[in-house]
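File shown: structure35.csv. Contents: CSV, C-alpha atoms.
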chain,number,residue,atom,x,y,z
P,1,MET,CA,65.8,118.4,106.5
P,2,THR,CA,67.9,116.5,104.0
P,3,PRO,CA,70.2,114.1,105.9
P,4,PRO,CA,73.9,114.7,105.3
P,5,ALA,CA,75.3,112.8,102.4
P,6,GLN,CA,78.6,111.0,101.9
P,7,ARG,CA,80.9,112.8,99.5
P,8,GLY,CA,81.4,109.6,97.5
P,9,PRO,CA,83.3,106.4,98.1
P,10,SER,CA,85.7,106.9,101.1
P,11,ALA,CA,88.7,104.8,102.1
P,12,LEU,CA,88.1,105.9,105.7
P,13,PRO,CA,87.7,102.8,107.8
P,14,PRO,CA,84.7,102.8,110.1
P,15,ILE,CA,85.1,103.4,113.8
P,16,ARG,CA,83.0,100.7,115.5
P,17,ARG,CA,83.6,101.6,119.2
P,18,ILE,CA,86.2,104.3,120.0
P,19,LYS,CA,88.6,106.9,118.7
P,20,ALA,CA,91.3,108.4,120.9
P,21,CYS,CA,91.6,112.3,121.0
P,22,LEU,CA,95.1,112.7,122.3
P,23,ASN,CA,95.6,116.3,123.4
P,24,GLY,CA,93.3,119.1,122.0
P,25,GLY,CA,94.3,122.5,123.3
P,26,ARG,CA,95.3,121.2,126.8
P,27,SER,CA,98.5,122.5,128.3
P,28,GLU,CA,99.0,120.2,131.3
P,29,PRO,CA,102.5,118.8,131.4
P,30,PHE,CA,101.3,115.2,131.0
P,31,VAL,CA,99.3,115.9,127.8
P,32,PRO,CA,101.3,114.9,124.7
P,33,ARG,CA,102.3,117.6,122.3
P,34,ARG,CA,105.6,116.9,120.6
P,35,PRO,CA,105.6,114.2,117.8
P,36,ALA,CA,107.5,111.7,119.9
P,37,GLU,CA,105.1,112.2,122.8
P,38,LEU,CA,102.1,111.9,120.4
P,39,SER,CA,103.5,108.7,118.9
P,40,ALA,CA,104.0,107.0,122.2
P,41,SER,CA,100.5,108.1,123.4
P,42,ALA,CA,98.9,106.9,120.2
P,43,THR,CA,100.6,103.5,120.3
P,44,GLY,CA,99.4,103.1,123.9
P,45,ALA,CA,95.8,104.1,123.0
P,46,VAL,CA,95.7,101.8,120.1
P,47,ALA,CA,97.0,98.9,122.2
P,48,ALA,CA,94.1,99.7,124.6
P,49,GLY,CA,91.5,99.4,121.8
P,50,ALA,CA,91.4,102.7,119.9
P,51,GLU,CA,90.6,102.3,116.2
P,52,ALA,CA,91.7,105.8,115.2
P,53,VAL,CA,93.4,108.8,116.7
P,54,HIS,CA,92.7,112.5,116.5
P,55,LEU,CA,95.3,115.1,117.5
P,56,HIS,CA,96.1,118.8,117.5
P,57,PRO,CA,99.7,119.3,116.3
P,58,ARG,CA,101.7,122.1,117.9
P,59,ASP,CA,104.3,124.5,116.7
P,60,ALA,CA,107.8,125.0,118.3
P,61,ALA,CA,106.2,127.2,121.0
P,62,GLY,CA,103.6,124.6,121.9
P,63,ARG,CA,100.7,126.4,120.2
P,64,GLU,CA,98.0,124.5,118.2
P,65,SER,CA,99.0,124.7,114.6
P,66,LEU,CA,97.7,124.1,111.1
P,67,ALA,CA,101.0,124.8,109.4
P,68,ALA,CA,102.3,122.1,107.1
P,69,GLN,CA,105.6,122.1,108.9
P,70,ASP,CA,103.9,121.1,112.1
P,71,ILE,CA,101.1,118.9,110.7
P,72,GLY,CA,103.5,116.6,108.7
P,73,PRO,CA,105.9,115.6,111.5
P,74,ALA,CA,103.0,115.0,113.9
P,75,VAL,CA,101.0,112.8,111.5
P,76,ARG,CA,104.1,110.9,110.4
P,77,ALA,CA,105.0,110.1,114.0
P,78,VAL,CA,101.5,108.9,114.9
P,79,ARG,CA,101.2,106.7,111.8
P,80,ALA,CA,103.4,104.2,113.6
P,81,ALA,CA,100.4,103.3,115.7
P,82,GLY,CA,98.9,101.7,112.6
P,83,VAL,CA,95.4,103.3,112.6
P,84,PRO,CA,93.9,106.3,110.7
P,85,VAL,CA,95.2,109.7,111.9
P,86,GLY,CA,93.0,112.8,112.0
P,87,VAL,CA,93.6,116.4,112.9
P,88,SER,CA,91.5,119.4,113.9
P,89,THR,CA,91.0,122.5,111.6
P,90,GLY,CA,89.6,124.6,114.5
P,91,LEU,CA,89.2,128.2,113.3
P,92,TRP,CA,90.5,129.5,116.7
P,93,MET,CA,94.0,128.3,115.5
P,94,THR,CA,94.1,131.3,113.1
P,95,GLY,CA,92.3,133.7,115.4
P,96,GLY,CA,89.1,133.4,113.5
P,97,ASP,CA,90.7,134.1,110.1
P,98,ALA,CA,89.0,131.7,107.6
P,99,ALA,CA,91.1,132.8,104.7
P,100,ARG,CA,94.3,132.2,106.6
P,101,ARG,CA,93.1,128.8,107.7
P,102,PHE,CA,92.3,127.9,104.0
P,103,GLU,CA,95.8,129.0,103.0
P,104,LEU,CA,97.5,126.9,105.7
P,105,VAL,CA,95.4,123.8,105.0
P,106,ALA,CA,96.0,124.1,101.2
P,107,ALA,CA,99.7,123.8,101.9
P,108,TRP,CA,99.1,120.2,103.2
P,109,ALA,CA,98.9,119.2,99.5
P,110,THR,CA,102.7,119.3,99.5
P,111,LEU,CA,103.0,116.8,102.4
P,112,PRO,CA,104.0,113.2,101.9
P,113,ASP,CA,102.2,112.5,105.2
P,114,ARG,CA,98.8,114.1,105.0
P,115,PRO,CA,96.2,113.3,107.6
P,116,ASP,CA,93.7,110.6,106.8
P,117,PHE,CA,90.9,112.8,108.0
P,118,ALA,CA,90.2,116.2,109.4
P,119,SER,CA,87.4,117.6,111.5
P,120,VAL,CA,85.7,120.7,110.3
P,121,ASN,CA,83.2,122.5,112.5
P,122,VAL,CA,80.0,123.3,110.7
P,123,SER,CA,79.4,126.5,112.6
P,124,GLU,CA,82.7,128.1,111.6
P,125,ASP,CA,83.2,130.5,108.8
P,126,GLY,CA,84.6,128.9,105.6
P,127,TYR,CA,83.2,125.5,106.3
P,128,ASP,CA,82.0,124.7,102.8
P,129,ASP,CA,85.2,125.9,101.1
P,130,LEU,CA,87.4,124.0,103.5
P,131,VAL,CA,85.4,120.7,103.0
P,132,THR,CA,85.9,121.1,99.2
P,133,LEU,CA,89.6,121.7,99.6
P,134,LEU,CA,90.1,118.7,101.8
P,135,ALA,CA,88.1,116.5,99.4
P,136,GLY,CA,90.4,117.6,96.6
P,137,MET,CA,93.4,116.5,98.6
P,138,GLY,CA,92.0,113.1,99.4
P,139,VAL,CA,91.5,114.0,103.1
P,140,ALA,CA,88.3,112.6,104.6
P,141,VAL,CA,86.0,115.0,106.4
P,142,GLU,CA,84.5,114.7,109.8
P,143,ALA,CA,81.7,117.4,110.1
P,144,GLY,CA,81.7,118.7,113.7
P,145,VAL,CA,78.1,119.3,114.7
P,146,TRP,CA,77.6,121.2,118.0
P,147,SER,CA,73.9,122.0,117.9
P,148,PRO,CA,70.6,121.2,116.1
P,149,ALA,CA,71.2,124.3,113.9
P,150,ASP,CA,74.5,122.8,112.8
P,151,ALA,CA,72.8,119.5,112.1
P,152,ALA,CA,70.4,121.3,109.7
P,153,ARG,CA,73.2,122.7,107.5
P,154,VAL,CA,75.8,119.9,107.5
P,155,GLY,CA,76.8,119.0,103.9
P,156,PRO,CA,78.5,116.0,102.4
P,157,ALA,CA,80.9,114.4,104.8
P,158,ASP,CA,82.6,111.1,105.6
P,159,ARG,CA,81.6,111.1,109.2
P,160,VAL,CA,79.5,113.3,111.4
P,161,LEU,CA,80.8,114.2,114.9
P,162,VAL,CA,77.9,114.9,117.3
P,163,GLU,CA,79.8,117.0,119.8
P,164,VAL,CA,78.3,118.2,123.1
P,165,ILE,CA,80.5,121.0,124.4
P,166,GLY,CA,80.0,123.2,127.5
P,167,ALA,CA,77.1,121.2,128.9
P,168,ALA,CA,76.7,120.0,132.5
P,169,ALA,CA,76.4,116.3,133.0
P,170,PRO,CA,72.6,116.2,133.4
P,171,GLU,CA,72.2,118.2,130.2
P,172,ALA,CA,74.5,116.0,128.0
P,173,VAL,CA,72.1,113.3,126.9
P,174,PRO,CA,69.2,115.6,126.1
P,175,ALA,CA,71.5,117.9,124.2
P,176,ALA,CA,72.9,115.0,122.2
P,177,ASP,CA,69.4,113.6,121.5
P,178,ALA,CA,68.2,117.0,120.2
P,179,ILE,CA,71.1,117.0,117.7
P,180,LEU,CA,70.6,113.4,116.7
P,181,ALA,CA,66.9,114.0,116.1
P,182,ARG,CA,67.7,116.9,113.7
P,183,LEU,CA,70.0,114.5,111.8
P,184,GLY,CA,67.1,112.1,111.4
P,185,GLY,CA,67.9,109.9,114.4
P,186,VAL,CA,70.3,107.0,114.7
P,187,GLY,CA,70.2,105.2,111.3
P,188,GLY,CA,68.6,108.2,109.7
P,189,THR,CA,71.5,109.0,107.5
P,190,ASP,CA,74.0,107.0,105.4
P,191,VAL,CA,76.9,108.9,107.0
P,192,PRO,CA,78.5,107.3,110.0
P,193,ILE,CA,77.8,109.2,113.3
P,194,LEU,CA,80.2,109.4,116.2
P,195,LEU,CA,78.9,110.8,119.5
P,196,HIS,CA,81.0,112.4,122.3
P,197,GLY,CA,81.1,115.1,124.8
P,198,GLU,CA,83.7,117.2,126.5
P,199,ASP,CA,84.5,117.7,130.3
P,200,GLU,CA,81.3,117.0,132.3
P,201,ALA,CA,79.5,115.7,129.2
P,202,CYS,CA,82.2,113.2,128.3
P,203,TRP,CA,81.3,110.1,130.4
P,204,PRO,CA,77.5,110.4,130.2
P,205,LEU,CA,77.9,110.4,126.4
P,206,VAL,CA,80.3,107.5,126.3
P,207,ALA,CA,77.6,105.5,128.0
P,208,HIS,CA,74.8,107.0,125.8
P,209,ALA,CA,76.8,106.1,122.7
P,210,GLY,CA,77.0,102.5,124.0
P,211,ARG,CA,73.3,102.4,124.5
P,212,LEU,CA,72.6,103.7,121.0
P,213,GLY,CA,75.2,101.5,119.4
P,214,LEU,CA,77.2,104.5,118.2
P,215,PRO,CA,81.0,104.9,118.3
P,216,THR,CA,82.5,107.5,120.6
P,217,ARG,CA,85.8,109.0,121.5
P,218,VAL,CA,87.8,109.7,124.6
P,219,GLY,CA,91.2,111.2,125.5
P,220,PHE,CA,92.8,114.1,127.1
P,221,GLU,CA,91.1,116.5,124.7
P,222,ASP,CA,87.7,115.5,126.2
P,223,THR,CA,88.5,114.8,129.8
P,224,LEU,CA,91.4,114.6,132.3
P,225,THR,CA,89.5,112.3,134.7
P,226,GLY,CA,87.8,108.9,134.8
P,227,PRO,CA,84.1,108.2,135.0
P,228,SER,CA,84.1,108.6,138.8
P,229,GLY,CA,86.3,111.8,138.7
P,230,GLU,CA,89.5,109.9,139.4
P,231,PRO,CA,92.7,111.2,138.0
P,232,VAL,CA,94.0,109.4,134.9
P,233,ALA,CA,97.6,109.2,133.8
P,234,THR,CA,97.4,108.3,130.1
P,235,ASN,CA,95.2,108.3,127.1
P,236,ALA,CA,95.5,104.5,127.1
P,237,GLU,CA,93.9,104.3,130.5
P,238,LEU,CA,91.0,106.6,129.3
P,239,VAL,CA,90.5,104.3,126.3
P,240,ARG,CA,90.3,101.2,128.5
P,241,LEU,CA,87.8,102.9,130.9
P,242,ALA,CA,85.7,104.2,128.1
P,243,LEU,CA,85.4,100.8,126.4
P,244,ARG,CA,84.3,99.4,129.7
P,245,VAL,CA,81.6,102.1,130.1
P,246,TRP,CA,80.5,101.8,126.5
P,247,ALA,CA,80.2,98.0,126.6
P,248,GLY,CA,78.5,98.1,129.9
P,249,ALA,CA,75.8,100.4,128.5
P,250,ALA,CA,75.4,98.6,125.2
P,251,ARG,CA,72.1,96.9,124.5
P,252,PRO,CA,72.4,93.1,124.3
P,253,THR,CA,72.2,91.8,120.7
P,254,PRO,CA,69.0,89.8,120.3
P,255,GLY,CA,69.9,86.1,120.1
Structure rendered as structure tokens:
Amino acid sequence: MTPPAQRGPSALPPIRRIKACLNGGRSEPFVPRRPAELSASATGAVAAGAEAVHLHPRDAAGRESLAAQDIGPAVRAVRAAGVPVGVSTGLWMTGGDAARRFELVAAWATLPDRPDFASVNVSEDGYDDLVTLLAGMGVAVEAGVWSPADAARVGPADRVLVEVIGAAAPEAVPAADAILARLGGVGGTDVPILLHGEDEACWPLVAHAGRLGLPTRVGFEDTLTGPSGEPVATNAELVRLALRVWAGAARPTPG
């Protein structure tokens, strides 16, 4: 396969170790949703070591939203943390309607506070058109790759997210390695790769990312518990735990 290519010079700063994913679609009362809650959570996560934040803005009813009226205030609030801010473009937010998603994202062009980057899942309808739209607005693209098949068709991107979703803990590393192999392996592409998993796959892949020298992500979107299954109260605590796991698994640099 042809490895994914960068879209051209990107102002997106690299993530060297960890990105915080603040909320996803979670509805637990302690998960941040409103702009003020997201701002406080992002500030805490960055103080703990996060180099970027990813969030799912919500509408007035608390639903995940792609509407400019919800994206703008959430991004503006989180910018106070001082790191790049990214959002999801998950097609489920428009009930699978790719045309409606395109229309909502196109309206971001009117925002003074656009996201620095947005994740676009390769497997979703309308992927290519949405990537082109975001590029035209100056929003960097993270290509969400969930499978080897996705890896085979990912196009130009600023970062590739290797995402293992729905896998049990013992399956997480083999699933990730199969995707990485289809991408050409670690170092097989000029595009930065970030590796992470959700739920049971989260902590095994934080450690695997450390072993491979790849950045990872953690936060309430990916897990509600620590590496031993212990309850965790904040995204900042998850970031601190993940950095410890990542660093503990990292290969020593030859001296």
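Taking CA of Ala106 in chain P and CA of Ser65 in chain P as endpoints, the distance between them is 13.7 Å.
Proximity of P:Gly86, P:Pro73, P:Pro227, P:Gly248 to His54 in chain P, computed with only C-alpha atoms, is greatest for P:Gly86.
The spacing separating CA of Phe117 in chain P from CA of Val145 in chain P amounts to 15.8 Å.
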Checklist entry - In Å to one decimal, how far is CA of Gly82 in chain P from CA of Trp246 in chain P? => result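 Atom-to-atom, CA of Trp246 in chain P to CA of Gly82 in chain P, that is 23.1 Å.
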Checklist entry - Using all atoms listed in the file, what residues lie at most 7 Å away from (78.9, 116.5, 128.2) (file coordinates), given as a ChimeraX atom specification? => result /P:164-169,172,197-202,204-205
Item to check | Shell of 12 Å around Arg251 in chain P, all atoms listed in the file, local chain residues under 2 positions omitted, as a PyMOL selection string | outcome: chain P and resi 207-214+246-249+253-255
